[in-house]
>>> print(open('start03.pdb').read())   # PDB, C-alpha atoms
ATOM      1  CA  MET Z  60      16.279 -36.408 -41.557
ATOM      2  CA  LEU Z  61      12.535 -37.137 -41.537
ATOM      3  CA  LEU Z  62      13.152 -40.381 -39.664
ATOM      4  CA  LEU Z  63      15.164 -38.542 -37.003
ATOM      5  CA  GLN Z  64      12.423 -35.925 -36.617
ATOM      6  CA  LYS Z  65       9.739 -38.625 -36.165
ATOM      7  CA  LEU Z  66      11.890 -40.414 -33.608
ATOM      8  CA  LEU Z  67      12.383 -37.202 -31.634
ATOM      9  CA  GLU Z  68       8.644 -36.454 -31.702
ATOM     10  CA  LYS Z  69       7.720 -39.941 -30.458
ATOM     11  CA  THR Z  70      10.201 -39.820 -27.607
ATOM     12  CA  GLY Z  71       9.240 -36.301 -26.592
ATOM     13  CA  LEU Z  72      12.746 -35.002 -27.189
ATOM     14  CA  SER Z  73      11.539 -32.682 -29.942
ATOM     15  CA  LEU Z  74      10.552 -30.203 -27.244
ATOM     16  CA  LEU Z  75      14.221 -29.731 -26.431
ATOM     17  CA  PHE Z  76      14.951 -28.652 -29.977
ATOM     18  CA  THR Z  77      12.052 -26.287 -30.598
ATOM     19  CA  SER Z  78      13.001 -22.710 -31.264
ATOM     20  CA  PRO Z  79      11.853 -20.074 -28.783
ATOM     21  CA  VAL Z  80       9.267 -17.513 -29.821
ATOM     22  CA  ASP Z  81      11.131 -14.951 -31.871
ATOM     23  CA  ASP Z  82      11.135 -11.274 -30.938
ATOM     24  CA  GLU Z  83       8.867 -10.150 -33.756
ATOM     25  CA  GLU Z  84       6.261 -12.814 -33.001
ATOM     26  CA  LEU Z  85       6.280 -11.836 -29.319
ATOM     27  CA  ARG Z  86       5.896  -8.159 -30.267
ATOM     28  CA  GLN Z  87       2.928  -8.989 -32.508
ATOM     29  CA  GLN Z  88       1.254 -11.084 -29.794
ATOM     30  CA  THR Z  89       1.680  -8.278 -27.272
ATOM     31  CA  LEU Z  90       0.309  -5.682 -29.711
ATOM     32  CA  VAL Z  91      -2.783  -7.811 -30.363
ATOM     33  CA  LYS Z  92      -3.386  -7.936 -26.611
ATOM     34  CA  ILE Z  93      -2.849  -4.163 -26.246
ATOM     35  CA  ASN Z  94      -5.114  -3.434 -29.219
ATOM     36  CA  HIS Z  95      -7.883  -5.398 -27.510
ATOM     37  CA  ILE Z  96      -7.318  -3.560 -24.203
ATOM     38  CA  ILE Z  97      -7.474  -0.129 -25.860
ATOM     39  CA  SER Z  98     -10.583  -0.987 -27.854
ATOM     40  CA  SER Z  99     -12.342  -2.010 -24.626
ATOM     41  CA  LEU Z 100     -11.480   1.383 -23.074
ATOM     42  CA  GLY Z 101     -13.391   3.201 -25.790
ATOM     43  CA  THR Z 102     -16.773   2.141 -24.428
ATOM     44  CA  ASN Z 103     -16.418   4.064 -21.143
ATOM     45  CA  ILE Z 104     -14.331   7.072 -22.137
ATOM     46  CA  ASP Z 105     -17.135   9.577 -22.728
ATOM     47  CA  THR Z 106     -18.839   8.647 -19.461
ATOM     48  CA  ASP Z 107     -15.539   8.813 -17.557
ATOM     49  CA  ILE Z 108     -14.736  12.273 -18.968
ATOM     50  CA  GLU Z 109     -18.161  13.619 -18.017
ATOM     51  CA  SER Z 110     -17.825  12.127 -14.510
ATOM     52  CA  GLU Z 111     -14.365  13.659 -14.189
ATOM     53  CA  LYS Z 112     -15.598  17.104 -15.260
ATOM     54  CA  LEU Z 113     -18.133  16.932 -12.431
ATOM     55  CA  GLY Z 114     -15.454  15.783  -9.989
ATOM     56  CA  PHE Z 115     -16.815  12.279  -9.542
ATOM     57  CA  TYR Z 116     -14.156  10.288 -11.383
ATOM     58  CA  PRO Z 117     -12.325   8.075  -8.841
ATOM     59  CA  HIS Z 118      -8.701   9.183  -9.278
ATOM     60  CA  PRO Z 119      -6.372   7.376  -6.865
ATOM     61  CA  GLU Z 120      -4.905  10.754  -5.874
ATOM     62  CA  ASN Z 121      -8.320  12.426  -5.398
ATOM     63  CA  GLU Z 122      -9.900  10.921  -2.291
ATOM     64  CA  ARG Z 123     -12.761  13.401  -2.481
ATOM     65  CA  ALA Z 124     -13.954  12.016  -5.836
ATOM     66  CA  LEU Z 125     -16.962  10.375  -4.249
ATOM     67  CA  ASN Z 126     -18.052  13.423  -2.274
ATOM     68  CA  GLU Z 127     -20.233  16.251  -3.539
ATOM     69  CA  ASN Z 128     -17.599  18.967  -3.140
ATOM     70  CA  ALA Z 129     -14.999  17.213  -5.276
ATOM     71  CA  ASP Z 130     -13.210  19.130  -8.011
ATOM     72  CA  SER Z 131     -12.151  18.058 -11.459
ATOM     73  CA  LEU Z 132      -8.437  17.341 -11.835
ATOM     74  CA  GLY Z 133      -8.646  17.970 -15.582
ATOM     75  CA  TYR Z 134      -7.626  14.545 -16.833
ATOM     76  CA  VAL Z 135      -8.471  10.861 -16.967
ATOM     77  CA  ARG Z 136      -5.684   8.292 -16.780
ATOM     78  CA  TYR Z 137      -5.984   4.691 -17.931
ATOM     79  CA  ILE Z 138      -3.363   2.077 -17.091
ATOM     80  CA  LEU Z 139      -3.334  -0.711 -19.678
ATOM     81  CA  CYS Z 140      -4.316  -3.831 -17.723
ATOM     82  CA  ASP Z 141      -4.465  -7.524 -18.539
ATOM     83  CA  GLU Z 142      -7.531  -9.779 -18.268
ATOM     84  CA  ASP Z 143      -7.073 -10.092 -14.496
ATOM     85  CA  GLY Z 144      -7.163  -6.321 -13.961
ATOM     86  CA  LYS Z 145      -3.446  -6.102 -13.165
ATOM     87  CA  ARG Z 146      -1.346  -3.632 -15.090
ATOM     88  CA  LEU Z 147       0.115  -5.198 -18.211
ATOM     89  CA  GLU Z 148       3.855  -5.305 -17.492
ATOM     90  CA  ILE Z 149       6.090  -5.808 -20.497
ATOM     91  CA  PRO Z 150       9.747  -6.847 -20.285
ATOM     92  CA  GLN Z 151      12.406  -4.399 -21.417
ATOM     93  CA  LEU Z 152      13.525  -6.802 -24.130
ATOM     94  CA  ASN Z 153      10.057  -6.978 -25.697
ATOM     95  CA  LEU Z 154      10.128  -4.815 -28.828
ATOM     96  CA  VAL Z 155       6.799  -3.082 -28.087
ATOM     97  CA  SER Z 156       7.158   0.697 -27.859
ATOM     98  CA  CYS Z 157       4.860   3.725 -27.682
ATOM     99  CA  ASN Z 158       5.219   4.150 -31.434
ATOM    100  CA  CYS Z 159       4.125   0.536 -32.046
ATOM    101  CA  ILE Z 160       1.054   1.049 -29.884
ATOM    102  CA  LYS Z 161       0.224   4.342 -31.609
ATOM    103  CA  MET Z 162       0.101   2.448 -34.913
ATOM    104  CA  THR Z 163      -2.570   0.000 -33.704
ATOM    105  CA  GLU Z 164      -6.059   0.424 -35.075
ATOM    106  CA  ALA Z 165      -7.639   0.792 -31.626
ATOM    107  CA  TYR Z 166      -5.262   3.590 -30.583
ATOM    108  CA  ARG Z 167      -5.764   5.487 -33.845
ATOM    109  CA  LEU Z 168      -9.571   5.249 -33.453
ATOM    110  CA  LEU Z 169      -9.346   6.344 -29.820
ATOM    111  CA  LYS Z 170      -7.058   9.262 -30.704
ATOM    112  CA  SER Z 171      -9.385  10.357 -33.498
ATOM    113  CA  HIS Z 172     -12.393  10.223 -31.157
ATOM    114  CA  ILE Z 173     -10.588  12.186 -28.433
ATOM    115  CA  ASN Z 174      -9.221  14.804 -30.844
ATOM    116  CA  ASN Z 175     -12.651  15.257 -32.479
ATOM    117  CA  ALA Z 176     -14.074  15.960 -29.024
ATOM    118  CA  GLY Z 177     -11.417  18.670 -28.572
ATOM    119  CA  TYR Z 178      -9.331  16.880 -25.954
ATOM    120  CA  ASP Z 179      -5.690  15.814 -25.810
ATOM    121  CA  ILE Z 180      -4.412  12.259 -25.606
ATOM    122  CA  GLU Z 181      -0.940  11.093 -24.633
ATOM    123  CA  LEU Z 182       0.553   7.618 -24.377
ATOM    124  CA  LYS Z 183       3.246   7.221 -21.734
ATOM    125  CA  GLU Z 184       5.676   4.399 -21.073
ATOM    126  CA  ILE Z 185       6.618   3.959 -17.420
ATOM    127  CA  ALA Z 186       9.603   1.881 -16.335
ATOM    128  CA  ILE Z 187       9.429  -0.024 -13.070
ATOM    129  CA  ASP Z 188      12.148  -1.605 -10.996
ATOM    130  CA  SER Z 189      12.302  -5.158  -9.710
ATOM    131  CA  GLN Z 190       9.853  -4.379  -6.869
ATOM    132  CA  GLY Z 191       7.280  -2.967  -9.294
ATOM    133  CA  ILE Z 192       7.880   0.637  -8.246
ATOM    134  CA  GLU Z 193       7.978   3.385 -10.870
ATOM    135  CA  ALA Z 194      11.550   4.323 -11.695
ATOM    136  CA  TYR Z 195      11.665   8.097 -12.095
ATOM    137  CA  GLN Z 196      15.422   8.131 -12.296
ATOM    138  CA  ASP Z 197      17.444   6.310 -14.920
ATOM    139  CA  ILE Z 198      17.210   2.569 -14.449
ATOM    140  CA  ASP Z 199      20.240   1.137 -12.685
ATOM    141  CA  GLU Z 200      22.793  -0.025 -15.237
ATOM    142  CA  HIS Z 201      23.353  -3.210 -13.247
ATOM    143  CA  LEU Z 202      19.789  -4.403 -13.669
ATOM    144  CA  ASP Z 203      19.654  -7.070 -16.335
ATOM    145  CA  GLU Z 204      16.046  -6.437 -17.214
ATOM    146  CA  TYR Z 205      13.350  -4.086 -16.049
ATOM    147  CA  MET Z 206       9.644  -4.069 -16.759
ATOM    148  CA  ARG Z 207       7.483  -1.380 -18.331
ATOM    149  CA  TYR Z 208       3.815  -0.547 -18.497
ATOM    150  CA  PHE Z 209       1.799   1.934 -20.527
ATOM    151  CA  VAL Z 210      -0.649   4.666 -19.553
ATOM    152  CA  ILE Z 211      -3.125   6.628 -21.667
ATOM    153  CA  HIS Z 212      -3.607  10.169 -20.384
ATOM    154  CA  ILE Z 213      -6.581  12.200 -21.669
ATOM    155  CA  SER Z 214      -6.934  15.874 -20.761
ATOM    156  CA  GLY Z 215      -7.867  19.286 -22.116
ATOM    157  CA  TRP Z 216     -11.074  20.379 -20.421
TER     158      TRP Z 216
END
>>> encode(input="start03.pdb", output="structure tokens")
Amino acid sequence: MLLLQKLLEKTGLSLLFTSPVDDEELRQQTLVKINHIISSLGTNIDTDIESEKLGFYPHPENERALNENADSLGYVRYILCDEDGKRLEIPQLNLVSCNCIKMTEAYRLLKSHINNAGYDIELKEIAIDSQGIEAYQDIDEHLDEYMRYFVIHISGW
């Protein structure tokens, strides 16, 4: 058996027989990435909340955020993004869920910080269709796989 394995490695055929990344390993890798993303959010949260209270937080839906007469919308929303600044889209079949994310150290620290400040925090999972558009309705049963992304919503002021 060892001789066969060495022969396959030398010929490069061993790549054909390698096992794919298992579901649990993929889930763990994704959670490590998400934990890092959430921990990096913690550095700006207090400043963002204060800016939002004054009406200067740049919400996509609040075009007046950069003008003096802007109003607070009462929340700050963070989309979990990858290293390139694009939202981190996770396949449906990846085992990561809101509950998994809530168990990460970074999320628990963030939640504790937000709750101690007297604010509310909510983690939302948003499904998107094949064009990357949020799917508010039930996902079409005929779709083999859809993607998801996660949003942290902080409010309560």
>>> residues_around(input="start03.pdb", residues="Pro150 of chain Z", least_positions_apart="4", cutoff="10 Å", atoms="all atoms listed in the file", output="MDAnalysis selection string")
chainID Z and resid 154:155 186:187 204:208
>>> residues_around(input="start03.pdb", residues="Ile180 of chain Z", least_positions_apart="5", cutoff="8 Å", atoms="all atoms listed in the file", output="list in words")
Lys170, Ile173, Asn174, Ile211, His212, Ile213 and Ser214 of chain Z
>>> residues_around(input="start03.pdb", residues="segment 93-100 of chain Z", least_positions_apart="6", cutoff="10 Å", atoms="all atoms listed in the file", output="JSON, numbers by chain")
{"Z": [87, 137, 138, 139, 140, 141, 142, 147, 155, 160, 161, 162, 163, 164, 165, 166, 167, 168, 169, 209, 211]}
>>> atom_distance(input="start03.pdb", atom1="atom CA of Val210 of chain Z", atom2="atom CA of Gly101 of chain Z")
14.3 Å
>>> atom_distance(input="start03.pdb", atom1="atom CA of Arg136 of chain Z", atom2="atom CA of Leu152 of chain Z")
25.5 Å
>>> axis_aligned_box(input="start03.pdb", around="segment 160-169 of chain Z", padding_each_side="6 Å", output="AutoDock Vina command-line options")
--center_x -4.3 --center_y 3.2 --center_z -32.4 --size_x 22.6 --size_y 18.3 --size_z 17.3
>>> resolve_selection(input="start03.pdb", expression="the PyMOL selection byres ((chain Z and resi 135) around 12)", output="ChimeraX atom specification")
/Z:100,103-112,114-121,131-134,136-138,173,178-181,210-216
>>> write_last_selection(input="start03.pdb", atoms="C-alpha atoms", output="compact mmCIF listing (two decimals), in the coordinates of the input")
# COMPACT_ATOMS: atom_id res chain seq x y z
CA LEU Z 100 -11.48 1.38 -23.07
CA ASN Z 103 -16.42 4.06 -21.14
CA ILE Z 104 -14.33 7.07 -22.14
CA ASP Z 105 -17.14 9.58 -22.73
CA THR Z 106 -18.84 8.65 -19.46
CA ASP Z 107 -15.54 8.81 -17.56
CA ILE Z 108 -14.74 12.27 -18.97
CA GLU Z 109 -18.16 13.62 -18.02
CA SER Z 110 -17.82 12.13 -14.51
CA GLU Z 111 -14.36 13.66 -14.19
CA LYS Z 112 -15.60 17.10 -15.26
CA GLY Z 114 -15.45 15.78 -9.99
CA PHE Z 115 -16.82 12.28 -9.54
CA TYR Z 116 -14.16 10.29 -11.38
CA PRO Z 117 -12.32 8.07 -8.84
CA HIS Z 118 -8.70 9.18 -9.28
CA PRO Z 119 -6.37 7.38 -6.86
CA GLU Z 120 -4.90 10.75 -5.87
CA ASN Z 121 -8.32 12.43 -5.40
CA SER Z 131 -12.15 18.06 -11.46
CA LEU Z 132 -8.44 17.34 -11.84
CA GLY Z 133 -8.65 17.97 -15.58
CA TYR Z 134 -7.63 14.54 -16.83
CA ARG Z 136 -5.68 8.29 -16.78
CA TYR Z 137 -5.98 4.69 -17.93
CA ILE Z 138 -3.36 2.08 -17.09
CA ILE Z 173 -10.59 12.19 -28.43
CA TYR Z 178 -9.33 16.88 -25.95
CA ASP Z 179 -5.69 15.81 -25.81
CA ILE Z 180 -4.41 12.26 -25.61
CA GLU Z 181 -0.94 11.09 -24.63
CA VAL Z 210 -0.65 4.67 -19.55
CA ILE Z 211 -3.12 6.63 -21.67
CA HIS Z 212 -3.61 10.17 -20.38
CA ILE Z 213 -6.58 12.20 -21.67
CA SER Z 214 -6.93 15.87 -20.76
CA GLY Z 215 -7.87 19.29 -22.12
CA TRP Z 216 -11.07 20.38 -20.42
>>> atom_distance(input="start03.pdb", atom1="atom CA of Leu113 of chain Z", atom2="atom CA of Gly144 of chain Z")
25.8 Å
>>> closest_residue(input="start03.pdb", among="Z:Ala176, Z:Leu85, Z:Ile185, Z:Cys159", to="Arg146 of chain Z", atoms="all atoms listed in the file")
Z:Ile185
>>> decode(input="start03.pdb", residues="segment 144-187 of chain Z", atoms="N, CA and C atoms", output="PDB file, in the first residue's frame")
ATOM      1  N   GLY Z 144     -13.268  43.876   0.735  1.00  0.00           N
ATOM      2  CA  GLY Z 144     -14.356  44.825   0.965  1.00  0.00           C
ATOM      3  C   GLY Z 144     -15.683  44.401   0.369  1.00  0.00           C
ATOM      4  N   LYS Z 145     -15.725  43.229  -0.252  1.00  0.00           N
ATOM      5  CA  LYS Z 145     -16.988  42.713  -0.798  1.00  0.00           C
ATOM      6  C   LYS Z 145     -17.694  41.922   0.294  1.00  0.00           C
ATOM      7  N   ARG Z 146     -19.019  41.919   0.243  1.00  0.00           N
ATOM      8  CA  ARG Z 146     -19.727  41.165   1.279  1.00  0.00           C
ATOM      9  C   ARG Z 146     -19.325  39.691   1.205  1.00  0.00           C
ATOM     10  N   LEU Z 147     -19.176  39.103   2.374  1.00  0.00           N
ATOM     11  CA  LEU Z 147     -18.759  37.713   2.491  1.00  0.00           C
ATOM     12  C   LEU Z 147     -19.975  36.834   2.205  1.00  0.00           C
ATOM     13  N   GLU Z 148     -20.020  36.257   1.018  1.00  0.00           N
ATOM     14  CA  GLU Z 148     -21.141  35.405   0.617  1.00  0.00           C
ATOM     15  C   GLU Z 148     -20.792  33.959   0.901  1.00  0.00           C
ATOM     16  N   ILE Z 149     -21.700  33.289   1.578  1.00  0.00           N
ATOM     17  CA  ILE Z 149     -21.479  31.910   2.013  1.00  0.00           C
ATOM     18  C   ILE Z 149     -22.499  31.012   1.326  1.00  0.00           C
ATOM     19  N   PRO Z 150     -22.059  29.899   0.764  1.00  0.00           N
ATOM     20  CA  PRO Z 150     -22.995  28.987   0.101  1.00  0.00           C
ATOM     21  C   PRO Z 150     -24.010  28.398   1.082  1.00  0.00           C
ATOM     22  N   GLN Z 151     -25.157  28.078   0.563  1.00  0.00           N
ATOM     23  CA  GLN Z 151     -26.237  27.477   1.349  1.00  0.00           C
ATOM     24  C   GLN Z 151     -25.754  26.219   2.055  1.00  0.00           C
ATOM     25  N   LEU Z 152     -24.925  25.433   1.386  1.00  0.00           N
ATOM     26  CA  LEU Z 152     -24.513  24.148   1.929  1.00  0.00           C
ATOM     27  C   LEU Z 152     -23.427  24.263   2.994  1.00  0.00           C
ATOM     28  N   ASN Z 153     -22.854  25.461   3.163  1.00  0.00           N
ATOM     29  CA  ASN Z 153     -21.899  25.667   4.246  1.00  0.00           C
ATOM     30  C   ASN Z 153     -22.674  25.646   5.555  1.00  0.00           C
ATOM     31  N   LEU Z 154     -22.162  24.969   6.559  1.00  0.00           N
ATOM     32  CA  LEU Z 154     -22.891  24.759   7.807  1.00  0.00           C
ATOM     33  C   LEU Z 154     -22.892  25.963   8.747  1.00  0.00           C
ATOM     34  N   VAL Z 155     -22.326  27.085   8.351  1.00  0.00           N
ATOM     35  CA  VAL Z 155     -22.312  28.275   9.198  1.00  0.00           C
ATOM     36  C   VAL Z 155     -23.728  28.830   9.313  1.00  0.00           C
ATOM     37  N   SER Z 156     -24.121  29.155  10.545  1.00  0.00           N
ATOM     38  CA  SER Z 156     -25.440  29.728  10.799  1.00  0.00           C
ATOM     39  C   SER Z 156     -25.289  30.905  11.750  1.00  0.00           C
ATOM     40  N   CYS Z 157     -26.380  31.628  11.985  1.00  0.00           N
ATOM     41  CA  CYS Z 157     -26.353  32.732  12.949  1.00  0.00           C
ATOM     42  C   CYS Z 157     -25.929  32.232  14.321  1.00  0.00           C
ATOM     43  N   ASN Z 158     -26.429  31.081  14.719  1.00  0.00           N
ATOM     44  CA  ASN Z 158     -26.072  30.543  16.034  1.00  0.00           C
ATOM     45  C   ASN Z 158     -24.579  30.245  16.130  1.00  0.00           C
ATOM     46  N   CYS Z 159     -23.978  29.726  15.067  1.00  0.00           N
ATOM     47  CA  CYS Z 159     -22.530  29.468  15.067  1.00  0.00           C
ATOM     48  C   CYS Z 159     -21.765  30.771  15.254  1.00  0.00           C
ATOM     49  N   ILE Z 160     -22.184  31.800  14.552  1.00  0.00           N
ATOM     50  CA  ILE Z 160     -21.500  33.089  14.627  1.00  0.00           C
ATOM     51  C   ILE Z 160     -21.664  33.689  16.019  1.00  0.00           C
ATOM     52  N   LYS Z 161     -22.852  33.546  16.591  1.00  0.00           N
ATOM     53  CA  LYS Z 161     -23.099  34.088  17.936  1.00  0.00           C
ATOM     54  C   LYS Z 161     -22.234  33.415  18.996  1.00  0.00           C
ATOM     55  N   MET Z 162     -21.718  32.241  18.707  1.00  0.00           N
ATOM     56  CA  MET Z 162     -20.866  31.524  19.658  1.00  0.00           C
ATOM     57  C   MET Z 162     -19.391  31.895  19.525  1.00  0.00           C
ATOM     58  N   THR Z 163     -19.037  32.694  18.503  1.00  0.00           N
ATOM     59  CA  THR Z 163     -17.633  33.086  18.353  1.00  0.00           C
ATOM     60  C   THR Z 163     -17.253  34.078  19.439  1.00  0.00           C
ATOM     61  N   GLU Z 164     -15.989  34.089  19.771  1.00  0.00           N
ATOM     62  CA  GLU Z 164     -15.502  34.981  20.823  1.00  0.00           C
ATOM     63  C   GLU Z 164     -15.711  36.449  20.456  1.00  0.00           C
ATOM     64  N   ALA Z 165     -15.443  36.803  19.212  1.00  0.00           N
ATOM     65  CA  ALA Z 165     -15.564  38.201  18.786  1.00  0.00           C
ATOM     66  C   ALA Z 165     -17.011  38.686  18.891  1.00  0.00           C
ATOM     67  N   TYR Z 166     -17.966  37.844  18.488  1.00  0.00           N
ATOM     68  CA  TYR Z 166     -19.374  38.264  18.570  1.00  0.00           C
ATOM     69  C   TYR Z 166     -19.805  38.415  20.026  1.00  0.00           C
ATOM     70  N   ARG Z 167     -19.397  37.487  20.877  1.00  0.00           N
ATOM     71  CA  ARG Z 167     -19.783  37.580  22.292  1.00  0.00           C
ATOM     72  C   ARG Z 167     -19.201  38.837  22.926  1.00  0.00           C
ATOM     73  N   LEU Z 168     -17.945  39.186  22.607  1.00  0.00           N
ATOM     74  CA  LEU Z 168     -17.342  40.416  23.130  1.00  0.00           C
ATOM     75  C   LEU Z 168     -18.068  41.655  22.607  1.00  0.00           C
ATOM     76  N   LEU Z 169     -18.383  41.637  21.314  1.00  0.00           N
ATOM     77  CA  LEU Z 169     -19.106  42.757  20.710  1.00  0.00           C
ATOM     78  C   LEU Z 169     -20.482  42.909  21.345  1.00  0.00           C
ATOM     79  N   LYS Z 170     -21.194  41.808  21.512  1.00  0.00           N
ATOM     80  CA  LYS Z 170     -22.529  41.848  22.120  1.00  0.00           C
ATOM     81  C   LYS Z 170     -22.457  42.371  23.548  1.00  0.00           C
ATOM     82  N   SER Z 171     -21.483  41.927  24.308  1.00  0.00           N
ATOM     83  CA  SER Z 171     -21.309  42.394  25.675  1.00  0.00           C
ATOM     84  C   SER Z 171     -21.047  43.902  25.706  1.00  0.00           C
ATOM     85  N   HIS Z 172     -20.192  44.374  24.824  1.00  0.00           N
ATOM     86  CA  HIS Z 172     -19.867  45.800  24.744  1.00  0.00           C
ATOM     87  C   HIS Z 172     -21.116  46.613  24.396  1.00  0.00           C
ATOM     88  N   ILE Z 173     -21.865  46.154  23.405  1.00  0.00           N
ATOM     89  CA  ILE Z 173     -23.062  46.866  22.959  1.00  0.00           C
ATOM     90  C   ILE Z 173     -24.127  46.858  24.052  1.00  0.00           C
ATOM     91  N   ASN Z 174     -24.355  45.720  24.675  1.00  0.00           N
ATOM     92  CA  ASN Z 174     -25.356  45.630  25.743  1.00  0.00           C
ATOM     93  C   ASN Z 174     -24.971  46.480  26.949  1.00  0.00           C
ATOM     94  N   ASN Z 175     -23.682  46.511  27.302  1.00  0.00           N
ATOM     95  CA  ASN Z 175     -23.224  47.346  28.418  1.00  0.00           C
ATOM     96  C   ASN Z 175     -23.437  48.831  28.140  1.00  0.00           C
ATOM     97  N   ALA Z 176     -23.399  49.206  26.871  1.00  0.00           N
ATOM     98  CA  ALA Z 176     -23.637  50.598  26.493  1.00  0.00           C
ATOM     99  C   ALA Z 176     -25.140  50.918  26.436  1.00  0.00           C
ATOM    100  N   GLY Z 177     -25.974  49.887  26.602  1.00  0.00           N
ATOM    101  CA  GLY Z 177     -27.423  50.091  26.610  1.00  0.00           C
ATOM    102  C   GLY Z 177     -28.079  50.005  25.249  1.00  0.00           C
ATOM    103  N   TYR Z 178     -27.392  49.440  24.275  1.00  0.00           N
ATOM    104  CA  TYR Z 178     -27.930  49.327  22.927  1.00  0.00           C
ATOM    105  C   TYR Z 178     -28.312  47.877  22.623  1.00  0.00           C
ATOM    106  N   ASP Z 179     -28.981  47.690  21.507  1.00  0.00           N
ATOM    107  CA  ASP Z 179     -29.401  46.365  21.061  1.00  0.00           C
ATOM    108  C   ASP Z 179     -28.541  45.931  19.884  1.00  0.00           C
ATOM    109  N   ILE Z 180     -28.305  44.633  19.804  1.00  0.00           N
ATOM    110  CA  ILE Z 180     -27.545  44.082  18.683  1.00  0.00           C
ATOM    111  C   ILE Z 180     -28.310  42.887  18.135  1.00  0.00           C
ATOM    112  N   GLU Z 181     -28.329  42.779  16.818  1.00  0.00           N
ATOM    113  CA  GLU Z 181     -29.018  41.666  16.162  1.00  0.00           C
ATOM    114  C   GLU Z 181     -28.169  41.191  14.982  1.00  0.00           C
ATOM    115  N   LEU Z 182     -28.079  39.895  14.840  1.00  0.00           N
ATOM    116  CA  LEU Z 182     -27.367  39.291  13.711  1.00  0.00           C
ATOM    117  C   LEU Z 182     -28.411  38.741  12.762  1.00  0.00           C
ATOM    118  N   LYS Z 183     -28.327  39.128  11.505  1.00  0.00           N
ATOM    119  CA  LYS Z 183     -29.306  38.691  10.506  1.00  0.00           C
ATOM    120  C   LYS Z 183     -28.619  37.936   9.384  1.00  0.00           C
ATOM    121  N   GLU Z 184     -29.286  36.901   8.915  1.00  0.00           N
ATOM    122  CA  GLU Z 184     -28.816  36.150   7.748  1.00  0.00           C
ATOM    123  C   GLU Z 184     -29.707  36.535   6.584  1.00  0.00           C
ATOM    124  N   ILE Z 185     -29.102  36.917   5.464  1.00  0.00           N
ATOM    125  CA  ILE Z 185     -29.866  37.349   4.300  1.00  0.00           C
ATOM    126  C   ILE Z 185     -29.518  36.445   3.125  1.00  0.00           C
ATOM    127  N   ALA Z 186     -30.546  35.835   2.562  1.00  0.00           N
ATOM    128  CA  ALA Z 186     -30.372  34.962   1.394  1.00  0.00           C
ATOM    129  C   ALA Z 186     -30.390  35.817   0.132  1.00  0.00           C
ATOM    130  N   ILE Z 187     -29.570  35.425  -0.828  1.00  0.00           N
ATOM    131  CA  ILE Z 187     -29.541  36.126  -2.109  1.00  0.00           C
ATOM    132  C   ILE Z 187     -29.680  35.119  -3.242  1.00  0.00           C
TER     133      ILE Z 187
END
